[in-house]
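> Okay, so here is query.csv, and as you'll see once you scroll down, it has CSV, N, CA and C atoms.
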chain,number,residue,atom,x,y,z
A,918,MET,N,-8.9,17.2,-37.1
A,918,MET,CA,-8.9,17.3,-35.7
A,918,MET,C,-7.5,17.8,-35.2
A,919,ASN,N,-7.5,18.6,-34.2
A,919,ASN,CA,-6.3,19.2,-33.6
A,919,ASN,C,-5.4,18.1,-33.1
A,920,SER,N,-4.1,18.2,-33.4
A,920,SER,CA,-3.1,17.1,-33.0
A,920,SER,C,-3.1,16.9,-31.5
A,921,ASN,N,-3.2,18.1,-30.7
A,921,ASN,CA,-3.2,18.0,-29.3
A,921,ASN,C,-4.4,17.2,-28.8
A,922,VAL,N,-5.6,17.4,-29.4
A,922,VAL,CA,-6.8,16.6,-29.0
A,922,VAL,C,-6.6,15.2,-29.3
A,923,LEU,N,-6.0,14.9,-30.5
A,923,LEU,CA,-5.8,13.5,-30.9
A,923,LEU,C,-4.8,12.8,-29.9
A,924,GLU,N,-3.7,13.5,-29.6
A,924,GLU,CA,-2.7,13.0,-28.6
A,924,GLU,C,-3.4,12.7,-27.3
A,925,LYS,N,-4.2,13.7,-26.8
A,925,LYS,CA,-4.9,13.5,-25.5
A,925,LYS,C,-5.8,12.3,-25.5
A,926,THR,N,-6.6,12.1,-26.6
A,926,THR,CA,-7.4,11.0,-26.8
A,926,THR,C,-6.6,9.7,-26.8
A,927,GLU,N,-5.5,9.7,-27.5
A,927,GLU,CA,-4.6,8.5,-27.5
A,927,GLU,C,-4.1,8.2,-26.1
A,928,ALA,N,-3.7,9.2,-25.4
A,928,ALA,CA,-3.2,9.0,-24.1
A,928,ALA,C,-4.2,8.4,-23.2
A,929,GLU,N,-5.5,9.0,-23.3
A,929,GLU,CA,-6.6,8.5,-22.4
A,929,GLU,C,-6.9,7.0,-22.7
A,930,THR,N,-6.8,6.6,-24.0
A,930,THR,CA,-7.0,5.2,-24.4
A,930,THR,C,-5.9,4.3,-23.8
A,931,VAL,N,-4.7,4.8,-23.9
A,931,VAL,CA,-3.6,4.0,-23.4
A,931,VAL,C,-3.7,3.8,-21.9
A,932,ILE,N,-4.0,4.9,-21.2
A,932,ILE,CA,-4.2,4.9,-19.7
A,932,ILE,C,-5.3,4.0,-19.3
A,933,SER,N,-6.4,4.1,-20.0
A,933,SER,CA,-7.6,3.2,-19.7
A,933,SER,C,-7.2,1.7,-19.9
A,934,GLY,N,-6.5,1.4,-21.0
A,934,GLY,CA,-6.1,0.0,-21.2
A,934,GLY,C,-5.1,-0.5,-20.2
A,935,LEU,N,-4.2,0.4,-19.8
A,935,LEU,CA,-3.2,0.0,-18.7
A,935,LEU,C,-3.9,-0.3,-17.4
A,936,MET,N,-4.8,0.6,-17.0
A,936,MET,CA,-5.5,0.5,-15.8
A,936,MET,C,-6.4,-0.8,-15.7
A,937,LEU,N,-7.0,-1.1,-16.8
A,937,LEU,CA,-7.8,-2.3,-16.8
A,937,LEU,C,-6.9,-3.5,-16.8
A,938,GLU,N,-5.8,-3.5,-17.4
A,938,GLU,CA,-4.8,-4.6,-17.4
A,938,GLU,C,-4.2,-4.7,-16.0
A,939,LEU,N,-4.1,-3.6,-15.3
A,939,LEU,CA,-3.6,-3.6,-13.9
A,939,LEU,C,-4.6,-4.0,-12.9
A,940,GLY,N,-5.8,-4.3,-13.4
A,940,GLY,CA,-6.8,-4.9,-12.6
A,940,GLY,C,-7.8,-3.9,-11.9
A,941,ILE,N,-7.8,-2.7,-12.3
A,941,ILE,CA,-8.8,-1.7,-11.7
A,941,ILE,C,-10.1,-1.8,-12.4
A,942,PRO,N,-11.1,-2.2,-11.7
A,942,PRO,CA,-12.5,-2.3,-12.4
A,942,PRO,C,-13.0,-0.9,-12.7
A,943,ALA,N,-13.5,-0.7,-13.8
A,943,ALA,CA,-14.0,0.6,-14.3
A,943,ALA,C,-15.1,1.2,-13.4
A,944,HIS,N,-15.8,0.3,-12.7
A,944,HIS,CA,-17.0,0.8,-11.9
A,944,HIS,C,-16.5,1.5,-10.6
A,945,LEU,N,-15.3,1.4,-10.2
A,945,LEU,CA,-14.8,2.1,-9.0
A,945,LEU,C,-14.6,3.6,-9.2
A,946,ARG,N,-15.0,4.4,-8.2
A,946,ARG,CA,-14.8,5.8,-8.3
A,946,ARG,C,-13.4,6.1,-8.5
A,947,GLY,N,-12.5,5.4,-7.8
A,947,GLY,CA,-11.1,5.6,-7.9
A,947,GLY,C,-10.5,5.4,-9.3
A,948,TYR,N,-11.2,4.6,-10.1
A,948,TYR,CA,-10.7,4.4,-11.5
A,948,TYR,C,-10.8,5.7,-12.3
A,949,GLN,N,-11.9,6.4,-12.2
A,949,GLN,CA,-12.1,7.7,-12.9
A,949,GLN,C,-11.1,8.7,-12.4
A,950,TYR,N,-10.9,8.8,-11.0
A,950,TYR,CA,-10.0,9.8,-10.5
A,950,TYR,C,-8.6,9.4,-10.9
A,951,LEU,N,-8.2,8.2,-10.8
A,951,LEU,CA,-6.8,7.8,-11.2
A,951,LEU,C,-6.6,8.1,-12.7
A,952,ARG,N,-7.5,7.7,-13.5
A,952,ARG,CA,-7.4,8.0,-15.0
A,952,ARG,C,-7.1,9.4,-15.2
A,953,THR,N,-7.9,10.3,-14.6
A,953,THR,CA,-7.8,11.7,-14.8
A,953,THR,C,-6.4,12.2,-14.2
A,954,ALA,N,-6.1,11.7,-13.0
A,954,ALA,CA,-4.8,12.1,-12.4
A,954,ALA,C,-3.6,11.7,-13.2
A,955,ILE,N,-3.6,10.5,-13.8
A,955,ILE,CA,-2.5,10.0,-14.6
A,955,ILE,C,-2.5,10.9,-15.9
A,956,GLY,N,-3.6,11.2,-16.5
A,956,GLY,CA,-3.6,12.0,-17.7
A,956,GLY,C,-3.1,13.4,-17.4
A,957,MET,N,-3.4,14.0,-16.2
A,957,MET,CA,-2.9,15.3,-15.9
A,957,MET,C,-1.4,15.2,-15.7
A,958,CYS,N,-0.9,14.1,-15.2
A,958,CYS,CA,0.6,14.0,-14.9
A,958,CYS,C,1.3,13.7,-16.2
A,959,VAL,N,0.6,13.0,-17.2
A,959,VAL,CA,1.3,12.8,-18.5
A,959,VAL,C,1.5,14.2,-19.1
A,960,GLU,N,0.6,15.1,-19.0
A,960,GLU,CA,0.7,16.5,-19.5
A,960,GLU,C,1.7,17.3,-18.8
A,961,ASP,N,1.8,17.1,-17.4
A,961,ASP,CA,2.6,17.9,-16.6
A,961,ASP,C,3.2,17.1,-15.4
A,962,MET,N,4.4,16.5,-15.7
A,962,MET,CA,5.0,15.6,-14.7
A,962,MET,C,5.3,16.3,-13.3
A,963,GLU,N,5.3,17.6,-13.3
A,963,GLU,CA,5.6,18.3,-12.1
A,963,GLU,C,4.5,18.2,-11.1
A,964,LEU,N,3.4,17.8,-11.5
A,964,LEU,CA,2.3,17.5,-10.5
A,964,LEU,C,2.6,16.4,-9.6
A,965,ILE,N,3.4,15.5,-10.0
A,965,ILE,CA,3.8,14.3,-9.2
A,965,ILE,C,4.5,14.8,-7.9
A,966,GLY,N,5.2,15.9,-8.0
A,966,GLY,CA,5.9,16.4,-6.8
A,966,GLY,C,4.9,17.1,-5.8
A,967,SER,N,3.7,17.3,-6.2
A,967,SER,CA,2.7,18.0,-5.4
A,967,SER,C,1.4,17.3,-5.4
A,968,VAL,N,1.4,16.1,-5.2
A,968,VAL,CA,0.1,15.3,-5.2
A,968,VAL,C,-0.9,15.8,-4.2
A,969,THR,N,-0.5,16.0,-3.0
A,969,THR,CA,-1.5,16.5,-2.0
A,969,THR,C,-1.8,18.0,-2.1
A,970,LYS,N,-0.8,18.8,-2.6
A,970,LYS,CA,-1.0,20.2,-2.6
A,970,LYS,C,-1.7,20.7,-3.9
A,971,LEU,N,-1.4,20.0,-5.0
A,971,LEU,CA,-2.0,20.4,-6.3
A,971,LEU,C,-2.9,19.4,-7.0
A,972,LEU,N,-2.5,18.2,-7.1
A,972,LEU,CA,-3.2,17.2,-7.9
A,972,LEU,C,-4.6,16.8,-7.2
A,973,TYR,N,-4.6,16.4,-5.9
A,973,TYR,CA,-5.8,16.1,-5.3
A,973,TYR,C,-6.8,17.3,-5.2
A,974,PRO,N,-6.3,18.5,-4.9
A,974,PRO,CA,-7.3,19.6,-4.9
A,974,PRO,C,-7.9,19.9,-6.3
A,975,ASP,N,-7.0,19.8,-7.3
A,975,ASP,CA,-7.6,20.0,-8.7
A,975,ASP,C,-8.6,18.9,-9.0
A,976,LEU,N,-8.3,17.7,-8.7
A,976,LEU,CA,-9.3,16.6,-8.9
A,976,LEU,C,-10.6,16.8,-8.1
A,977,ALA,N,-10.4,17.2,-6.9
A,977,ALA,CA,-11.6,17.5,-6.0
A,977,ALA,C,-12.5,18.6,-6.6
A,978,LYS,N,-11.9,19.6,-7.1
A,978,LYS,CA,-12.7,20.7,-7.8
A,978,LYS,C,-13.4,20.1,-9.0
A,979,GLN,N,-12.7,19.4,-9.8
A,979,GLN,CA,-13.2,18.8,-11.1
A,979,GLN,C,-14.4,17.9,-10.8
A,980,TYR,N,-14.3,17.1,-9.8
A,980,TYR,CA,-15.3,16.1,-9.5
A,980,TYR,C,-16.2,16.5,-8.3
A,981,MET,N,-16.1,17.8,-7.9
A,981,MET,CA,-16.9,18.3,-6.8
A,981,MET,C,-17.0,17.4,-5.6
A,982,THR,N,-15.8,17.1,-5.1
A,982,THR,CA,-15.7,16.3,-3.8
A,982,THR,C,-14.6,16.9,-3.0
A,983,THR,N,-14.1,16.1,-2.0
A,983,THR,CA,-13.0,16.6,-1.2
A,983,THR,C,-11.7,15.9,-1.6
A,984,ASP,N,-10.6,16.5,-1.2
A,984,ASP,CA,-9.3,15.9,-1.4
A,984,ASP,C,-9.2,14.5,-0.7
A,985,GLN,N,-9.7,14.4,0.5
A,985,GLN,CA,-9.7,13.2,1.2
A,985,GLN,C,-10.4,12.1,0.5
A,986,LYS,N,-11.6,12.4,-0.1
A,986,LYS,CA,-12.3,11.3,-0.8
A,986,LYS,C,-11.6,10.9,-2.0
A,987,ILE,N,-10.9,11.9,-2.7
A,987,ILE,CA,-10.1,11.5,-3.9
A,987,ILE,C,-9.0,10.6,-3.5
A,988,GLU,N,-8.3,10.9,-2.4
A,988,GLU,CA,-7.1,10.1,-2.0
A,988,GLU,C,-7.6,8.7,-1.6
A,989,ARG,N,-8.7,8.6,-0.8
A,989,ARG,CA,-9.2,7.3,-0.4
A,989,ARG,C,-9.6,6.5,-1.5
A,990,ALA,N,-10.3,7.0,-2.5
A,990,ALA,CA,-10.8,6.3,-3.6
A,990,ALA,C,-9.7,5.8,-4.5
A,991,ILE,N,-8.7,6.6,-4.7
A,991,ILE,CA,-7.5,6.2,-5.5
A,991,ILE,C,-6.8,5.1,-4.7
A,992,ARG,N,-6.6,5.2,-3.4
A,992,ARG,CA,-5.9,4.2,-2.6
A,992,ARG,C,-6.7,2.9,-2.7
A,993,ASN,N,-8.0,2.9,-2.6
A,993,ASN,CA,-8.8,1.7,-2.7
A,993,ASN,C,-8.6,1.1,-4.1
A,994,ALA,N,-8.7,1.9,-5.1
A,994,ALA,CA,-8.5,1.3,-6.5
A,994,ALA,C,-7.1,0.7,-6.7
A,995,ILE,N,-6.1,1.3,-6.1
A,995,ILE,CA,-4.7,0.7,-6.2
A,995,ILE,C,-4.7,-0.6,-5.4
A,996,GLU,N,-5.3,-0.7,-4.2
A,996,GLU,CA,-5.3,-1.9,-3.4
A,996,GLU,C,-6.0,-3.0,-4.2
A,997,VAL,N,-7.1,-2.7,-4.9
A,997,VAL,CA,-7.8,-3.7,-5.7
A,997,VAL,C,-6.9,-4.2,-6.8
A,998,SER,N,-6.3,-3.2,-7.4
A,998,SER,CA,-5.3,-3.5,-8.5
A,998,SER,C,-4.2,-4.4,-8.1
A,999,TRP,N,-3.7,-4.1,-6.9
A,999,TRP,CA,-2.6,-4.9,-6.3
A,999,TRP,C,-2.9,-6.3,-6.1
A,1000,GLU,N,-4.2,-6.6,-5.7
A,1000,GLU,CA,-4.6,-7.9,-5.4
A,1000,GLU,C,-5.0,-8.7,-6.7
A,1001,ARG,N,-5.6,-8.0,-7.7
A,1001,ARG,CA,-6.1,-8.7,-8.9
A,1001,ARG,C,-5.3,-8.5,-10.2
A,1002,GLY,N,-4.4,-7.5,-10.2
A,1002,GLY,CA,-3.7,-7.1,-11.4
A,1002,GLY,C,-2.8,-8.1,-12.0
A,1003,ASN,N,-2.3,-7.7,-13.2
A,1003,ASN,CA,-1.4,-8.5,-14.0
A,1003,ASN,C,0.0,-8.3,-13.4
A,1004,GLY,N,0.5,-9.4,-12.7
A,1004,GLY,CA,1.8,-9.4,-12.1
A,1004,GLY,C,3.0,-9.0,-13.0
A,1005,GLU,N,2.9,-9.5,-14.2
A,1005,GLU,CA,4.0,-9.2,-15.1
A,1005,GLU,C,4.0,-7.7,-15.5
A,1006,LEU,N,2.9,-7.1,-15.6
A,1006,LEU,CA,2.8,-5.7,-15.9
A,1006,LEU,C,3.3,-4.9,-14.7
A,1007,PHE,N,2.9,-5.3,-13.5
A,1007,PHE,CA,3.4,-4.7,-12.3
A,1007,PHE,C,4.9,-4.7,-12.3
A,1008,LYS,N,5.5,-5.8,-12.6
A,1008,LYS,CA,7.0,-5.9,-12.6
A,1008,LYS,C,7.6,-5.0,-13.6
A,1009,LYS,N,6.9,-4.9,-14.7
A,1009,LYS,CA,7.4,-4.0,-15.8
A,1009,LYS,C,7.4,-2.5,-15.3
A,1010,LEU,N,6.2,-2.1,-14.7
A,1010,LEU,CA,6.0,-0.7,-14.3
A,1010,LEU,C,6.7,-0.3,-13.0
A,1011,PHE,N,6.7,-1.2,-12.1
A,1011,PHE,CA,7.2,-0.9,-10.7
A,1011,PHE,C,8.4,-1.6,-10.3
A,1012,GLY,N,8.8,-2.7,-11.0
A,1012,GLY,CA,10.0,-3.4,-10.6
A,1012,GLY,C,9.7,-4.6,-9.7
A,1013,TYR,N,8.4,-4.7,-9.2
A,1013,TYR,CA,8.0,-5.7,-8.3
A,1013,TYR,C,6.5,-5.9,-8.5
A,1014,SER,N,6.0,-7.0,-7.9
A,1014,SER,CA,4.6,-7.3,-7.9
A,1014,SER,C,4.1,-7.8,-6.6
A,1015,ASN,N,2.9,-8.1,-6.4
A,1015,ASN,CA,2.3,-8.6,-5.2
A,1015,ASN,C,3.0,-9.9,-4.8
A,1016,GLY,N,3.3,-10.8,-5.8
A,1016,GLY,CA,3.9,-12.1,-5.5
A,1016,GLY,C,5.3,-12.0,-4.9
A,1017,SER,N,6.0,-10.8,-5.0
A,1017,SER,CA,7.3,-10.6,-4.6
A,1017,SER,C,7.4,-10.3,-3.1
A,1018,GLY,N,6.3,-10.2,-2.4
A,1018,GLY,CA,6.3,-9.9,-1.0
A,1018,GLY,C,6.4,-8.4,-0.7
A,1019,ASN,N,6.5,-7.5,-1.7
A,1019,ASN,CA,6.6,-6.1,-1.4
A,1019,ASN,C,5.2,-5.5,-1.1
A,1020,ASN,N,5.2,-4.4,-0.4
A,1020,ASN,CA,3.9,-3.6,-0.2
A,1020,ASN,C,3.5,-3.0,-1.5
A,1021,ARG,N,2.2,-2.7,-1.6
A,1021,ARG,CA,1.7,-2.1,-2.8
A,1021,ARG,C,2.3,-0.7,-3.0
A,1022,PRO,N,2.4,-0.2,-4.2
A,1022,PRO,CA,2.9,1.1,-4.4
A,1022,PRO,C,2.0,2.2,-3.8
A,1023,THR,N,2.6,3.3,-3.4
A,1023,THR,CA,1.8,4.4,-2.8
A,1023,THR,C,1.0,5.0,-4.0
A,1024,ASN,N,0.1,5.9,-3.6
A,1024,ASN,CA,-0.7,6.6,-4.7
A,1024,ASN,C,0.2,7.3,-5.6
A,1025,SER,N,1.2,8.1,-5.0
A,1025,SER,CA,2.1,8.9,-5.8
A,1025,SER,C,3.0,8.0,-6.7
A,1026,GLU,N,3.5,6.9,-6.1
A,1026,GLU,CA,4.3,6.0,-6.9
A,1026,GLU,C,3.5,5.4,-8.1
A,1027,TYR,N,2.3,5.0,-7.8
A,1027,TYR,CA,1.5,4.4,-8.9
A,1027,TYR,C,1.2,5.4,-10.0
A,1028,ILE,N,0.8,6.6,-9.6
A,1028,ILE,CA,0.5,7.6,-10.6
A,1028,ILE,C,1.7,8.0,-11.4
A,1029,ALA,N,2.8,8.2,-10.7
A,1029,ALA,CA,4.1,8.6,-11.4
A,1029,ALA,C,4.6,7.5,-12.3
A,1030,SER,N,4.5,6.2,-11.9
A,1030,SER,CA,5.0,5.1,-12.8
A,1030,SER,C,4.2,5.0,-14.0
A,1031,VAL,N,2.8,5.0,-13.8
A,1031,VAL,CA,2.0,4.8,-15.0
A,1031,VAL,C,2.1,6.0,-15.9
A,1032,ALA,N,2.1,7.2,-15.4
A,1032,ALA,CA,2.3,8.4,-16.2
A,1032,ALA,C,3.6,8.4,-17.0
A,1033,ASP,N,4.7,8.0,-16.3
A,1033,ASP,CA,6.0,8.0,-16.9
A,1033,ASP,C,6.0,6.9,-18.0
A,1034,TYR,N,5.4,5.8,-17.8
A,1034,TYR,CA,5.3,4.7,-18.8
A,1034,TYR,C,4.6,5.2,-20.0
A,1035,VAL,N,3.4,5.9,-19.8
A,1035,VAL,CA,2.7,6.4,-21.0
A,1035,VAL,C,3.5,7.4,-21.8
A,1036,ARG,N,4.2,8.3,-21.0
A,1036,ARG,CA,5.0,9.3,-21.7
A,1036,ARG,C,6.1,8.7,-22.5
A,1037,LEU,N,6.8,7.8,-21.9
A,1037,LEU,CA,8.0,7.2,-22.6
A,1037,LEU,C,7.7,6.1,-23.6
A,1038,GLU,N,6.8,5.2,-23.3
A,1038,GLU,CA,6.6,4.1,-24.2
A,1038,GLU,C,5.6,4.5,-25.3
A,1039,GLN,N,4.8,5.4,-25.1
A,1039,GLN,CA,3.8,5.8,-26.1
A,1039,GLN,C,4.2,7.0,-26.8
A,1040,GLY,N,5.3,7.7,-26.5
A,1040,GLY,CA,5.7,8.8,-27.2
A,1040,GLY,C,5.0,10.1,-26.9
A,1041,PHE,N,4.3,10.2,-25.8
A,1041,PHE,CA,3.6,11.5,-25.4
A,1041,PHE,C,4.6,12.4,-24.6
A,1042,VAL,N,5.8,12.6,-25.1
A,1042,VAL,CA,6.7,13.4,-24.3
A,1042,VAL,C,6.8,14.8,-24.9
Can I see the file as structure tokens?


Amino acid sequence: MNSNVLEKTEAETVISGLMLELGIPAHLRGYQYLRTAIGMCVEDMELIGSVTKLLYPDLAKQYMTTDQKIERAIRNAIEVSWERGNGELFKKLFGYSNGSGNNRPTNSEYIASVADYVRLEQGFV
């Protein structure tokens, strides 16, 4: 098997595991969108700087929906994650958790932090 395909499969596995540990139920539409968005950012971190101009439109085309529905579904998944997720993992990834009285991370912060973690900790750089 091609090493790029193997790395991509490994990255997807790591991302899925992190998302489940962060408390995002796999049945939410935002779970799929977030997993894809994080995977795209692991491959190209420059997408983080253009979430609304590049990332959401790319996801909308891929899933045949609108940018607004992508953004809303991701925001909802992050809100669920913020309420249910592993506080220790949140502290590790974001420096704070729900219990610390901070607001939840924005969509961009969430995607960037998880993508950066996958790239650095798992060696997908």

> Env of Gly1012 in chain A: 12 Å cut, atoms = only C-alpha atoms, seq-sep filter 6 positions within chain, self excluded. Answer as a PyMOL selection string.

chain A and resi 1004-1006+1019+1021-1022+1026-1027+1030

> What is the CA of Glu1038 in chain A to atom N of Gln979 in chain A distance in Å?

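Value for the CA of Glu1038 in chain A-atom N of Gln979 in chain A distance: 28.5 Å.
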
> Counting only N, CA and C atoms, which residue out of A:Tyr973, A:Tyr948, A:Phe1011, A:Tyr980 sits closest to Met936 in chain A?

A:Tyr948

> Between CA of Val1035 in chain A and CA of Lys1008 in chain A, what distance in Å does the model show, to one decimal?

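Going from CA of Val1035 in chain A over to CA of Lys1008 in chain A, I get 15.5 Å.
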
> Residues near Leu971 in chain A, anyone? I mean within 12 Å using only C-alpha atoms, not counting same-chain ones fewer than 4 positions away, as an mmCIF file with N, CA and C atoms, in the frame of the given file.


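Writing done, so here's selection11.cif:
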data_model
loop_
_atom_site.group_PDB
_atom_site.id
_atom_site.type_symbol
_atom_site.label_atom_id
_atom_site.label_comp_id
_atom_site.auth_asym_id
_atom_site.auth_seq_id
_atom_site.Cartn_x
_atom_site.Cartn_y
_atom_site.Cartn_z
ATOM 1 N N ALA A 954 -6.100 11.700 -13.000
ATOM 2 C CA ALA A 954 -4.800 12.100 -12.400
ATOM 3 C C ALA A 954 -3.600 11.700 -13.200
ATOM 4 N N MET A 957 -3.400 14.000 -16.200
ATOM 5 C CA MET A 957 -2.900 15.300 -15.900
ATOM 6 C C MET A 957 -1.400 15.200 -15.700
ATOM 7 N N CYS A 958 -0.900 14.100 -15.200
ATOM 8 C CA CYS A 958 0.600 14.000 -14.900
ATOM 9 C C CYS A 958 1.300 13.700 -16.200
ATOM 10 N N ASP A 961 1.800 17.100 -17.400
ATOM 11 C CA ASP A 961 2.600 17.900 -16.600
ATOM 12 C C ASP A 961 3.200 17.100 -15.400
ATOM 13 N N MET A 962 4.400 16.500 -15.700
ATOM 14 C CA MET A 962 5.000 15.600 -14.700
ATOM 15 C C MET A 962 5.300 16.300 -13.300
ATOM 16 N N GLU A 963 5.300 17.600 -13.300
ATOM 17 C CA GLU A 963 5.600 18.300 -12.100
ATOM 18 C C GLU A 963 4.500 18.200 -11.100
ATOM 19 N N LEU A 964 3.400 17.800 -11.500
ATOM 20 C CA LEU A 964 2.300 17.500 -10.500
ATOM 21 C C LEU A 964 2.600 16.400 -9.600
ATOM 22 N N ILE A 965 3.400 15.500 -10.000
ATOM 23 C CA ILE A 965 3.800 14.300 -9.200
ATOM 24 C C ILE A 965 4.500 14.800 -7.900
ATOM 25 N N GLY A 966 5.200 15.900 -8.000
ATOM 26 C CA GLY A 966 5.900 16.400 -6.800
ATOM 27 C C GLY A 966 4.900 17.100 -5.800
ATOM 28 N N SER A 967 3.700 17.300 -6.200
ATOM 29 C CA SER A 967 2.700 18.000 -5.400
ATOM 30 C C SER A 967 1.400 17.300 -5.400
ATOM 31 N N ASP A 975 -7.000 19.800 -7.300
ATOM 32 C CA ASP A 975 -7.600 20.000 -8.700
ATOM 33 C C ASP A 975 -8.600 18.900 -9.000
ATOM 34 N N LEU A 976 -8.300 17.700 -8.700
ATOM 35 C CA LEU A 976 -9.300 16.600 -8.900
ATOM 36 C C LEU A 976 -10.600 16.800 -8.100
ATOM 37 N N ALA A 977 -10.400 17.200 -6.900
ATOM 38 C CA ALA A 977 -11.600 17.500 -6.000
ATOM 39 C C ALA A 977 -12.500 18.600 -6.600
ATOM 40 N N LYS A 978 -11.900 19.600 -7.100
ATOM 41 C CA LYS A 978 -12.700 20.700 -7.800
ATOM 42 C C LYS A 978 -13.400 20.100 -9.000
ATOM 43 N N ASP A 984 -10.600 16.500 -1.200
ATOM 44 C CA ASP A 984 -9.300 15.900 -1.400
ATOM 45 C C ASP A 984 -9.200 14.500 -0.700
#

> Using only C-alpha atoms, determine which residues lie at most 8 Å from Gly956 in chain A, disregarding the query and same-chain residues fewer than 5 positions distant; provide the list as a PDB file with N, CA and C atoms, in the frame of the given file.


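Saved as result-v7.pdb:
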ATOM      1  N   ALA A 928      -3.700   9.200 -25.400  1.00  0.00           N
ATOM      2  CA  ALA A 928      -3.200   9.000 -24.100  1.00  0.00           C
ATOM      3  C   ALA A 928      -4.200   8.400 -23.200  1.00  0.00           C
ATOM      4  N   GLU A 929      -5.500   9.000 -23.300  1.00  0.00           N
ATOM      5  CA  GLU A 929      -6.600   8.500 -22.400  1.00  0.00           C
ATOM      6  C   GLU A 929      -6.900   7.000 -22.700  1.00  0.00           C
ATOM      7  N   ILE A 932      -4.000   4.900 -21.200  1.00  0.00           N
ATOM      8  CA  ILE A 932      -4.200   4.900 -19.700  1.00  0.00           C
ATOM      9  C   ILE A 932      -5.300   4.000 -19.300  1.00  0.00           C
ATOM     10  N   ALA A1032       2.100   7.200 -15.400  1.00  0.00           N
ATOM     11  CA  ALA A1032       2.300   8.400 -16.200  1.00  0.00           C
ATOM     12  C   ALA A1032       3.600   8.400 -17.000  1.00  0.00           C
TER      13      ALA A1032
END

> Tell me which of A:Asn1015, A:Glu938, A:Thr969, A:Val959 sits closest to Glu996 in chain A, counting only C-alpha atoms.

A:Asn1015

> Quote the spacing between CA of Ser933 in chain A and atom N of Asn1003 in chain A in Å to one decimal place.

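So the answer is 13.8 Å.
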
> Using DSSP on the backbone, list every residue of chain A that comes out as helix (DSSP H, G or I), and give them as a PyMOL selection string.

chain A and resi 920-938+946-960+962-980+984-1001+1004-1011+1015-1017+1024-1038

> Rank A:Val1031, A:Gly1018, A:Arg1036, A:Ala994 by their smallest atom-to-atom distance to Glu960 in chain A, using only C-alpha atoms, and report the top residue only.

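Distance minimum relative to Glu960 in chain A lands on A:Arg1036.
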
> Pick from A:Gly934, A:Leu939, A:Thr926, A:Gly947: nearest to Gly1002 in chain A, with all atoms listed in the file counted?

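Looking only at the distances to Gly1002 in chain A, the closest residue turns out to be A:Leu939.
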
> Of the candidates A:Ala943, A:Ile995, A:Met981, A:Leu951, which one gets nearest to Thr1023 in chain A if we count only N, CA and C atoms?

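Nearest candidate to Thr1023 in chain A out of A:Ala943, A:Ile995, A:Met981, A:Leu951: A:Ile995.
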
> Between A:Gln1039, A:Arg946, A:Gly1016, A:Glu927, which is the closest to Trp999 in chain A once you count only N, CA and C atoms?

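Ranked by minimum distance to Trp999 in chain A, first place goes to A:Gly1016.
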